[in-house]
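Coordinates as given in start_31.csv (CSV, C-alpha atoms):
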```csv
chain,number,residue,atom,x,y,z
A,25,VAL,CA,106.0,129.6,81.1
A,26,SER,CA,104.3,126.3,81.7
A,27,LYS,CA,103.0,124.3,78.7
A,28,ALA,CA,101.1,121.9,81.0
A,29,PRO,CA,97.3,122.2,81.2
A,30,GLN,CA,96.2,124.2,84.2
A,31,SER,CA,94.1,121.3,85.5
A,32,ASN,CA,97.2,119.1,85.5
A,33,THR,CA,99.4,121.2,87.8
A,34,THR,CA,99.7,121.5,91.6
A,35,THR,CA,101.9,123.7,93.6
A,36,MET,CA,104.7,122.5,95.9
A,37,VAL,CA,103.0,124.3,98.8
A,38,SER,CA,99.8,122.3,98.4
A,39,PHE,CA,101.9,119.1,97.8
A,40,LYS,CA,103.5,119.8,101.2
A,41,PHE,CA,100.1,120.0,102.8
A,42,ALA,CA,98.9,116.9,101.0
A,43,ALA,CA,102.0,114.9,102.0
A,44,ALA,CA,101.6,115.9,105.6
A,45,ALA,CA,97.9,115.0,105.5
A,46,LEU,CA,98.8,111.6,104.1
A,47,LEU,CA,101.5,111.1,106.7
A,48,SER,CA,98.9,111.6,109.4
A,49,ALA,CA,96.3,109.5,107.6
A,50,GLY,CA,93.1,108.9,109.4
A,51,ALA,CA,92.5,108.9,113.2
A,52,ALA,CA,94.7,107.3,115.8
A,53,THR,CA,93.0,103.9,115.1
A,54,ALA,CA,94.7,103.9,111.8
A,55,PHE,CA,98.0,103.1,113.4
A,56,THR,CA,99.0,99.9,115.1
A,57,ALA,CA,101.1,99.9,118.3
A,58,SER,CA,104.1,98.5,116.5
A,59,SER,CA,104.0,100.0,113.0
A,60,PHE,CA,103.8,103.4,111.2
A,61,VAL,CA,102.0,101.8,108.3
A,62,THR,CA,98.3,102.7,108.3
A,63,ASN,CA,95.5,100.3,107.6
A,64,LYS,CA,94.0,100.5,104.1
A,65,ALA,CA,90.5,101.7,105.1
A,66,ALA,CA,91.9,104.7,107.0
A,67,LEU,CA,94.5,105.4,104.3
A,68,GLN,CA,91.9,105.4,101.5
A,69,ARG,CA,89.7,107.8,103.4
A,70,SER,CA,92.6,110.1,103.8
A,71,ALA,CA,93.5,109.7,100.1
A,72,VAL,CA,89.9,110.7,99.2
A,73,ALA,CA,90.2,113.8,101.3
A,74,THR,CA,93.5,114.6,99.8
A,75,ASN,CA,92.1,114.2,96.3
A,76,ALA,CA,89.5,116.8,97.2
A,77,LEU,CA,92.4,119.2,97.8
A,78,TYR,CA,93.7,118.5,94.3
A,79,GLN,CA,90.3,119.1,92.9
A,80,GLN,CA,90.2,122.5,94.5
A,81,GLN,CA,93.6,123.3,93.0
A,82,LYS,CA,92.2,122.5,89.5
A,83,THR,CA,89.6,125.2,89.8
A,84,ALA,CA,92.1,127.8,91.2
A,85,ALA,CA,94.0,130.2,89.0
A,86,SER,CA,97.5,128.9,88.1
A,87,SER,CA,100.0,130.8,90.3
A,88,SER,CA,103.3,132.2,89.1
A,89,LEU,CA,105.1,130.0,91.7
A,90,ASN,CA,103.6,126.9,90.1
A,91,MET,CA,104.6,128.0,86.6
A,92,VAL,CA,108.2,128.5,87.8
A,93,LEU,CA,108.3,125.2,89.5
A,94,LYS,CA,106.9,123.4,86.5
A,95,ASP,CA,109.6,122.4,84.0
A,96,PRO,CA,109.0,124.6,80.9
A,97,THR,CA,110.3,121.8,78.7
A,98,ASP,CA,107.7,119.3,80.0
A,99,THR,CA,105.3,118.2,77.3
A,100,ASP,CA,102.9,116.1,79.3
A,101,VAL,CA,99.4,116.0,77.8
A,102,ALA,CA,96.3,115.4,79.8
A,103,ILE,CA,94.1,112.4,78.8
A,104,GLY,CA,90.4,112.6,78.8
A,105,GLY,CA,89.8,116.3,78.4
A,106,GLY,CA,91.8,117.6,81.3
A,107,GLY,CA,91.4,114.7,83.6
A,108,GLY,CA,94.0,116.0,86.0
A,109,MET,CA,96.4,113.4,87.3
A,110,PHE,CA,96.4,111.1,84.2
A,111,THR,CA,99.0,112.0,81.7
A,112,ALA,CA,100.5,110.7,78.5
A,113,SER,CA,104.3,111.3,78.6
A,114,ASN,CA,107.7,109.8,78.0
A,115,SER,CA,109.8,108.9,81.0
A,116,GLU,CA,112.9,109.3,78.8
A,117,ASN,CA,112.3,113.1,79.1
A,118,ARG,CA,113.2,112.6,82.8
A,119,ARG,CA,116.4,110.6,82.3
A,120,VAL,CA,119.7,112.3,83.1
A,121,VAL,CA,123.0,110.6,82.4
A,122,PRO,CA,126.3,112.2,83.5
A,123,GLU,CA,128.2,113.5,80.5
A,124,ASN,CA,131.6,113.1,82.1
A,125,ALA,CA,131.7,110.9,85.2
A,126,GLY,CA,135.5,110.4,84.9
A,127,ASP,CA,136.7,108.2,87.8
A,128,ARG,CA,133.8,109.0,90.0
A,129,PRO,CA,131.4,106.2,90.9
A,130,VAL,CA,128.0,106.6,89.2
A,131,MET,CA,124.9,106.3,91.5
A,132,LYS,CA,121.7,105.4,89.7
A,133,VAL,CA,118.4,106.8,91.1
A,134,VAL,CA,114.9,105.8,90.0
A,135,TYR,CA,111.9,107.6,91.2
A,136,VAL,CA,108.1,107.3,90.8
A,137,VAL,CA,105.8,110.2,91.6
A,138,LEU,CA,102.2,111.1,91.1
A,139,GLU,CA,102.8,114.2,88.9
A,140,SER,CA,105.7,115.8,87.1
A,141,GLN,CA,106.3,118.7,89.4
A,142,TYR,CA,109.5,117.1,90.7
A,143,GLN,CA,111.1,116.7,87.2
A,144,SER,CA,112.7,120.1,87.0
A,145,SER,CA,114.0,120.1,90.6
A,146,MET,CA,115.4,116.5,90.4
A,147,THR,CA,117.0,117.2,87.1
A,148,GLY,CA,118.6,120.4,88.5
A,149,ALA,CA,119.8,118.6,91.6
A,150,VAL,CA,121.4,115.8,89.5
A,151,LYS,CA,123.1,118.2,87.1
A,152,ARG,CA,124.5,120.2,90.1
A,153,ILE,CA,126.0,117.1,91.6
A,154,ASN,CA,127.4,115.9,88.2
A,155,ALA,CA,129.0,119.3,87.7
A,156,GLY,CA,130.3,120.0,91.2
A,157,SER,CA,130.8,116.8,93.2
A,158,GLU,CA,134.2,115.1,93.3
A,159,ASN,CA,132.9,112.1,95.1
A,160,MET,CA,130.0,110.9,92.8
A,161,ALA,CA,128.1,111.2,89.6
A,162,VAL,CA,124.4,110.5,89.3
A,163,GLU,CA,122.2,108.9,86.7
A,164,CYS,CA,118.6,109.5,87.3
A,165,VAL,CA,115.2,108.6,85.7
A,166,GLY,CA,111.7,109.4,86.8
A,167,TYR,CA,108.4,107.8,86.1
A,168,LEU,CA,104.9,109.2,86.6
A,169,LEU,CA,102.7,106.7,88.3
A,170,GLU,CA,100.2,106.4,85.5
A,171,GLU,CA,102.9,105.7,83.0
A,172,LEU,CA,103.4,102.2,84.5
A,173,ARG,CA,100.1,101.1,82.9
A,174,ASP,CA,101.9,101.0,79.6
A,175,ASP,CA,103.6,97.6,79.1
A,176,ALA,CA,106.7,98.9,77.3
A,177,THR,CA,107.2,101.6,80.0
A,178,PHE,CA,106.7,99.1,82.8
A,179,GLU,CA,109.3,96.8,81.3
A,180,GLN,CA,111.8,99.7,81.1
A,181,PHE,CA,110.9,100.6,84.7
A,182,LYS,CA,111.8,97.0,85.7
A,183,LYS,CA,115.2,97.3,83.9
A,184,ASP,CA,116.0,100.6,85.5
A,185,VAL,CA,115.2,99.4,89.0
A,186,GLU,CA,117.3,96.3,88.5
A,187,GLU,CA,120.3,98.7,87.8
A,188,ALA,CA,119.5,101.2,90.5
A,189,ASN,CA,121.2,102.1,93.7
A,190,ILE,CA,118.3,104.1,95.2
A,191,PHE,CA,114.6,103.9,94.6
A,192,ILE,CA,112.3,106.8,95.6
A,193,GLY,CA,108.5,106.7,95.5
A,194,SER,CA,105.9,109.2,96.6
A,195,LEU,CA,102.0,109.4,96.7
A,196,ILE,CA,101.5,106.0,95.3
A,197,PHE,CA,97.8,105.5,96.2
A,198,VAL,CA,96.3,103.7,93.2
A,199,GLN,CA,95.9,100.1,94.3
A,200,GLU,CA,96.8,98.3,91.0
A,201,LEU,CA,99.7,100.6,90.4
A,202,ALA,CA,100.9,100.2,94.0
A,203,GLU,CA,100.9,96.5,93.3
A,204,LYS,CA,103.0,97.0,90.1
A,205,VAL,CA,105.6,99.1,92.0
A,206,THR,CA,105.7,96.5,94.8
A,207,GLU,CA,106.0,93.7,92.2
A,208,VAL,CA,109.2,95.3,90.8
A,209,VAL,CA,110.9,96.8,93.9
A,210,LYS,CA,110.2,94.1,96.6
A,211,PRO,CA,112.3,91.3,95.0
A,212,LEU,CA,115.2,93.8,94.5
A,213,ARG,CA,114.9,95.5,97.9
A,214,ASP,CA,117.9,93.7,99.4
A,215,GLN,CA,120.2,94.6,96.5
A,216,LEU,CA,119.1,98.3,96.5
A,217,ASP,CA,121.3,100.5,98.7
A,218,ALA,CA,118.3,102.5,99.9
A,219,VAL,CA,114.6,102.6,99.3
A,220,LEU,CA,112.8,105.8,100.2
A,221,VAL,CA,109.0,105.7,100.0
A,222,PHE,CA,107.0,108.7,101.2
A,223,PRO,CA,103.3,108.7,101.9
A,224,SER,CA,101.9,105.8,99.8
A,225,MET,CA,99.8,102.6,100.1
A,226,PRO,CA,100.9,100.4,103.1
A,227,GLU,CA,102.5,97.7,100.9
A,228,VAL,CA,104.7,100.3,99.2
A,229,MET,CA,105.6,102.0,102.5
A,230,ARG,CA,106.8,98.7,103.8
A,231,LEU,CA,109.5,98.7,101.1
A,232,ASN,CA,111.4,101.5,102.9
A,233,LYS,CA,115.0,100.7,103.8
A,234,VAL,CA,117.6,103.1,105.0
A,235,GLY,CA,120.4,101.1,106.6
A,236,SER,CA,118.8,99.3,109.6
A,237,PHE,CA,115.7,101.5,109.5
A,238,THR,CA,112.4,100.2,108.2
A,239,MET,CA,108.8,101.4,108.7
A,240,LYS,CA,108.5,98.8,111.5
A,241,ASN,CA,111.1,100.6,113.5
A,242,LEU,CA,109.2,103.9,113.6
A,243,GLY,CA,106.6,102.8,116.1
A,244,GLN,CA,108.5,100.2,118.1
A,245,SER,CA,108.8,100.7,121.9
A,246,LYS,CA,112.6,100.9,121.7
A,247,SER,CA,112.6,103.5,118.9
A,248,VAL,CA,113.9,106.9,119.8
A,249,VAL,CA,111.4,108.4,117.4
A,250,ALA,CA,108.6,106.5,119.2
A,251,ASP,CA,110.0,107.8,122.5
A,252,PHE,CA,109.6,111.4,121.2
A,253,MET,CA,106.0,110.6,120.2
A,254,LYS,CA,105.2,109.3,123.7
A,255,LYS,CA,106.8,112.3,125.4
A,256,LYS,CA,104.7,114.6,123.2
A,257,LYS,CA,101.6,112.7,124.2
A,258,GLN,CA,102.5,113.0,127.9
A,259,ASP,CA,103.3,116.7,127.6
A,260,ASP,CA,100.3,117.9,125.6
A,261,GLY,CA,98.1,114.9,124.8
A,262,SER,CA,99.2,114.7,121.1
A,263,SER,CA,98.1,111.7,119.2
A,264,PHE,CA,100.7,109.6,117.2
A,265,GLU,CA,100.0,111.4,113.9
A,266,GLU,CA,100.0,114.8,115.6
A,267,GLY,CA,103.3,114.0,117.2
A,268,MET,CA,104.7,112.9,113.8
A,269,LEU,CA,103.7,116.2,112.2
A,270,LYS,CA,105.2,118.2,115.1
A,271,LEU,CA,108.3,116.1,114.7
A,272,LEU,CA,108.5,116.9,111.0
A,273,ARG,CA,108.0,120.6,111.6
A,274,THR,CA,110.8,120.8,114.2
A,275,LEU,CA,113.1,118.1,112.7
A,276,PRO,CA,116.3,120.2,112.3
A,277,LYS,CA,116.3,121.0,116.0
A,278,VAL,CA,114.9,117.7,117.3
A,279,LEU,CA,117.3,115.5,115.4
A,280,LYS,CA,120.3,117.1,117.1
A,281,PHE,CA,119.1,115.6,120.4
A,282,LEU,CA,118.6,112.1,119.1
A,283,PRO,CA,121.5,109.7,120.0
A,284,SER,CA,123.5,109.3,116.9
A,285,ASP,CA,124.5,105.7,117.7
A,286,LYS,CA,120.8,104.6,117.9
A,287,ALA,CA,119.1,106.9,115.5
A,288,ALA,CA,121.4,107.6,112.5
A,289,ASP,CA,119.3,105.6,110.0
A,290,ALA,CA,116.0,106.9,111.4
A,291,ARG,CA,117.4,110.4,111.2
A,292,THR,CA,118.4,109.9,107.6
A,293,PHE,CA,114.9,108.8,106.7
A,294,MET,CA,113.2,111.7,108.5
A,295,MET,CA,115.7,114.2,107.0
A,296,SER,CA,115.1,112.7,103.5
A,297,PHE,CA,111.4,113.3,104.0
A,298,GLN,CA,112.0,116.9,104.9
A,299,TYR,CA,114.3,117.4,101.8
A,300,TRP,CA,111.6,115.8,99.7
A,301,LEU,CA,108.9,118.0,101.0
A,302,GLY,CA,111.0,121.1,100.3
A,303,GLY,CA,111.2,120.0,96.7
A,304,SER,CA,113.8,122.5,95.5
A,305,PRO,CA,116.9,121.5,93.5
A,306,GLU,CA,119.0,122.5,96.6
A,307,ASN,CA,116.9,120.2,98.9
A,308,LEU,CA,117.0,117.3,96.5
A,309,GLU,CA,120.8,117.7,95.9
A,310,SER,CA,121.3,117.5,99.7
A,311,LEU,CA,119.1,114.4,99.9
A,312,LEU,CA,121.0,112.6,97.1
A,313,LEU,CA,124.4,113.6,98.6
A,314,MET,CA,123.4,112.5,102.1
A,315,VAL,CA,122.1,109.1,101.1
A,316,GLY,CA,124.8,108.5,98.5
A,317,GLN,CA,127.8,109.0,100.7
A,318,ASP,CA,126.3,107.1,103.7
A,319,TYR,CA,124.5,104.1,102.0
A,320,VAL,CA,125.6,103.6,98.4
A,321,GLY,CA,128.5,101.1,98.4
A,322,PRO,CA,130.7,102.4,95.5
A,323,VAL,CA,130.3,106.0,96.7
A,324,LYS,CA,131.2,105.0,100.3
A,325,GLU,CA,134.3,103.1,99.1
A,326,SER,CA,135.5,106.0,97.0
A,327,MET,CA,135.2,108.4,100.0
A,328,GLU,CA,137.3,106.3,102.3
A,329,GLY,CA,139.8,108.6,103.9
A,330,LYS,CA,138.0,111.7,102.5
A,331,GLU,CA,136.1,114.3,104.4
A,332,ARG,CA,132.4,113.7,104.5
A,333,VAL,CA,130.2,116.3,102.7
A,334,VAL,CA,128.1,118.3,105.2
A,335,THR,CA,124.7,118.9,103.6
A,336,GLU,CA,122.6,121.9,104.1
A,337,GLU,CA,119.6,121.7,106.4
A,338,PRO,CA,116.2,121.3,104.6
A,339,VAL,CA,114.6,124.6,103.4
A,340,LEU,CA,110.8,124.2,103.5
A,341,LEU,CA,108.2,126.5,102.1
A,342,PRO,CA,105.7,127.8,104.7
A,343,ASP,CA,102.1,126.8,104.4
A,344,LYS,CA,101.1,130.4,103.5
A,345,ALA,CA,103.5,132.8,101.8
A,346,ILE,CA,103.9,135.7,99.4
A,347,TRP,CA,105.9,135.2,96.2
A,348,HIS,CA,107.4,137.7,93.7
A,349,PRO,CA,109.1,136.6,90.5
A,350,VAL,CA,112.2,138.8,90.9
A,351,ALA,CA,112.6,138.7,94.7
A,352,PRO,CA,115.9,137.2,96.0
A,353,SER,CA,114.0,135.2,98.6
A,354,ILE,CA,112.0,132.1,97.5
A,355,VAL,CA,109.0,133.5,99.4
A,356,PHE,CA,108.1,136.0,102.1
A,357,GLU,CA,106.3,134.6,105.2
A,358,ASN,CA,104.3,137.8,106.0
A,359,ASN,CA,103.3,141.2,104.6
A,360,GLN,CA,105.9,143.0,106.7
A,361,GLN,CA,108.8,141.0,105.1
A,362,TYR,CA,107.3,141.5,101.6
A,363,PHE,CA,106.7,145.2,101.8
A,364,GLU,CA,110.1,145.8,103.5
A,365,TRP,CA,111.7,144.4,100.3
A,366,TYR,CA,109.2,145.8,97.9
A,367,ASN,CA,109.2,149.4,99.1
A,368,LYS,CA,112.9,149.7,100.0
A,369,GLU,CA,114.6,147.6,97.3
A,370,PHE,CA,112.3,146.7,94.4
A,371,CYS,CA,110.5,150.0,93.9
A,372,PRO,CA,113.6,152.2,94.0
A,373,ASP,CA,115.5,149.9,91.5
A,374,ALA,CA,112.4,149.8,89.2
A,375,GLY,CA,111.9,153.6,89.4
A,376,ILE,CA,108.5,153.3,91.1
A,377,ASP,CA,107.5,156.1,93.5
A,378,ILE,CA,105.7,154.3,96.3
A,379,LYS,CA,103.9,157.5,97.3
A,380,ASP,CA,102.1,157.8,93.9
A,381,ALA,CA,102.0,154.2,92.6
A,382,PRO,CA,98.5,152.6,92.8
A,383,THR,CA,97.9,149.4,94.6
A,384,VAL,CA,96.3,146.6,92.6
A,385,GLY,CA,94.9,143.6,94.4
```
For the file at hand, write its structure as structure tokens.
Amino acid sequence: VSKAPQSNTTTMVSFKFAAAALLSAGAATAFTASSFVTNKAALQRSAVATNALYQQQKTAASSSLNMVLKDPTDTDVAIGGGGGMFTASNSENRRVVPENAGDRPVMKVVYVVLESQYQSSMTGAVKRINAGSENMAVECVGYLLEELRDDATFEQFKKDVEEANIFIGSLIFVQELAEKVTEVVKPLRDQLDAVLVFPSMPEVMRLNKVGSFTMKNLGQSKSVVADFMKKKKQDDGSSFEEGMLKLLRTLPKVLKFLPSDKAADARTFMMSFQYWLGGSPENLESLLLMVGQDYVGPVKESMEGKERVVTEEPVLLPDKAIWHPVAPSIVFENNQQYFEWYNKEFCPDAGIDIKDAPTVG
């Protein structure tokens, strides 16, 4: 059961929608010919529109899915009488240190997110790696964006990033806080093994670094990803942002056809985005394993001569779905799937006669 105020929670499903909306921020004029980074005016218009989505979520009833995804140990308290995104909390609650790393290299991950819905999944992912991986152990700490206003927390954030191998940021759209993140990460970008920033202010997006891939590469004329966008536009008139969304939806299939020698780093970034949007412990575990073994120096060295771990493909929640707390599947995509399970598996096991049982909706 979630202890967090109802007004301070959002579901992963709506986060997925919000992230996709932010990715496609504004109209086609929001993109330059050589860069994926949007101009500020278009981005802020999109952020306002996305905030409206969050406001709608505040008035909606809290779903069971949301309560399960929310960490039950989270003690965040809303400031200002249920102000929503602004919280008073302790980042140390989101710090995970391996209990027994042994001879394994320890990879440190620091992440900054808008709200705390990733805490449970990221913690679960890190603990799974620490318990089951022979190639690496992970130390992880997460910060909520608003926590960086506190001087002591900001100083600790600086220290953590200085020691980190990987930095992850998402939905950083408050200008003064975007500047704080950039102030810390930009000088350390070269020493970080990877920087993954998902929809955020332009100056934060420019911090992205996955091998040779940066945000500048995404729209360049020689980019294989850009070639895909151009082909989509020729085939069906898609705009750049529409092409990007179609690319994200079909990534597992599309990436198989991109030349590995030219697009390995771009593929890693796009796959990372899919894992992040999925948001489950399994998805985030795959993200960390993938980036760790390919880009983090100590991990790469320890894996020399060893077989590379093959990560699972991203598992994404559909935009609309049916969820049941005891179902073996995460969600059902349609009524037929749900009632197939409910009538033939759940009801018999629960002793429910589907012929006589009432329907409550």
Checklist entry - A:Gly166, A:Pro223, A:Gly126, A:Pro382: which is nearest Glu139 of chain A, counting all atoms listed in the file? => result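 Distance minimum relative to Glu139 of chain A lands on A:Gly166.
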Cut-off 10 Å: closest segment 144-245 of chain A/segment 314-334 of chain A atom pairs per residue, using only C-alpha atoms, as CSV:
```
residue,atom,partner,partner_atom,distance
A:Ser157,CA,A:Val333,CA,9.5
A:Glu158,CA,A:Met327,CA,9.5
A:Asn159,CA,A:Met327,CA,6.6
A:Met160,CA,A:Val323,CA,6.3
A:Ala161,CA,A:Val323,CA,9.1
A:Val162,CA,A:Gly316,CA,9.4
A:Asn189,CA,A:Val320,CA,6.6
A:Ile190,CA,A:Val320,CA,8.0
A:Leu216,CA,A:Val320,CA,8.6
A:Asp217,CA,A:Val320,CA,5.3
A:Ala218,CA,A:Tyr319,CA,6.7
A:Leu220,CA,A:Val315,CA,9.9
A:Val234,CA,A:Tyr319,CA,7.6
A:Gly235,CA,A:Tyr319,CA,6.9
```
I'd like the neighbourhood of Gln180 of chain A as an mmCIF file with C-alpha atoms, keeping the file's coordinate frame, where a residue qualifies if any of its atoms comes within 12 Å (using only C-alpha atoms), though same-chain residues fewer than 3 positions away should be ignored.
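Dumped everything to around39.cif:
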```cif
data_model
loop_
_atom_site.group_PDB
_atom_site.id
_atom_site.type_symbol
_atom_site.label_atom_id
_atom_site.label_comp_id
_atom_site.auth_asym_id
_atom_site.auth_seq_id
_atom_site.Cartn_x
_atom_site.Cartn_y
_atom_site.Cartn_z
ATOM 1 C CA ASN A 114 107.700 109.800 78.000
ATOM 2 C CA SER A 115 109.800 108.900 81.000
ATOM 3 C CA GLU A 116 112.900 109.300 78.800
ATOM 4 C CA ARG A 119 116.400 110.600 82.300
ATOM 5 C CA VAL A 134 114.900 105.800 90.000
ATOM 6 C CA VAL A 165 115.200 108.600 85.700
ATOM 7 C CA GLY A 166 111.700 109.400 86.800
ATOM 8 C CA TYR A 167 108.400 107.800 86.100
ATOM 9 C CA GLU A 171 102.900 105.700 83.000
ATOM 10 C CA LEU A 172 103.400 102.200 84.500
ATOM 11 C CA ARG A 173 100.100 101.100 82.900
ATOM 12 C CA ASP A 174 101.900 101.000 79.600
ATOM 13 C CA ASP A 175 103.600 97.600 79.100
ATOM 14 C CA ALA A 176 106.700 98.900 77.300
ATOM 15 C CA THR A 177 107.200 101.600 80.000
ATOM 16 C CA LYS A 183 115.200 97.300 83.900
ATOM 17 C CA ASP A 184 116.000 100.600 85.500
ATOM 18 C CA VAL A 185 115.200 99.400 89.000
ATOM 19 C CA GLU A 186 117.300 96.300 88.500
ATOM 20 C CA GLU A 187 120.300 98.700 87.800
ATOM 21 C CA VAL A 208 109.200 95.300 90.800
#
```
Checklist entry - Of the candidates A:Ala351, A:Ile192, A:Val209, A:Ile378, which shows the shortest atom-to-atom distance to Phe293 of chain A, using all atoms listed in the file? => result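 Using all atoms listed in the file, the shortest distance to Phe293 of chain A belongs to A:Ile192.
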Item to check | For atom CA of Val120 of chain A and atom CA of Cys164 of chain A, the interatomic separation in Å (one decimal) | outcome: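 We find that atom CA of Val120 of chain A and atom CA of Cys164 of chain A lie 5.2 Å from each other.
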Next on the checklist: Neighbouring residues of Phe222 of chain A were defined as those with any atom within 9 Å, considering all atoms listed in the file; residues of the same chain fewer than 2 positions away were excluded. Please report them as a PyMOL selection string.
Outcome noted: chain A and resi 43+47+192-196+220+224+228-229+232+297+300
Next on the checklist: I'd like to know which of A:Ala149, A:Met239, A:Val198, A:Leu212 is closest to Asn307 of chain A, using only C-alpha atoms.
Outcome noted: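 Nearest candidate to Asn307 of chain A out of A:Ala149, A:Met239, A:Val198, A:Leu212: A:Ala149.
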Next on the checklist: For a test of reading the model, state the distance in Å between atom CA of Asn124 of chain A and atom CA of Ile153 of chain A, rounded to one decimal.
Outcome noted: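 So the two atoms, atom CA of Asn124 of chain A and atom CA of Ile153 of chain A, lie 11.7 Å apart.
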Residue contacts of segment 358-361 of chain A (12 Å, all atoms listed in the file) excluding same-chain residues fewer than 4 positions away, as a compact mmCIF listing (two decimals) with C-alpha atoms, keeping the file's coordinate frame:
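File written: part_17.txt
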```
# COMPACT_ATOMS: atom_id res chain seq x y z
CA PRO A 342 105.70 127.80 104.70
CA ASP A 343 102.10 126.80 104.40
CA LYS A 344 101.10 130.40 103.50
CA ALA A 345 103.50 132.80 101.80
CA ILE A 346 103.90 135.70 99.40
CA TRP A 347 105.90 135.20 96.20
CA HIS A 348 107.40 137.70 93.70
CA ALA A 351 112.60 138.70 94.70
CA SER A 353 114.00 135.20 98.60
CA TRP A 365 111.70 144.40 100.30
CA TYR A 366 109.20 145.80 97.90
CA ASN A 367 109.20 149.40 99.10
CA LYS A 368 112.90 149.70 100.00
CA GLU A 369 114.60 147.60 97.30
```
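Atom pair atom CA of Leu311 of chain A / atom CA of Pro338 of chain A has a distance of 8.8 Å (rounded to one decimal).
Closest to Gly156 of chain A among A:Val339, A:Leu313, A:Met131, A:Val219 is A:Leu313, based on all atoms listed in the file.
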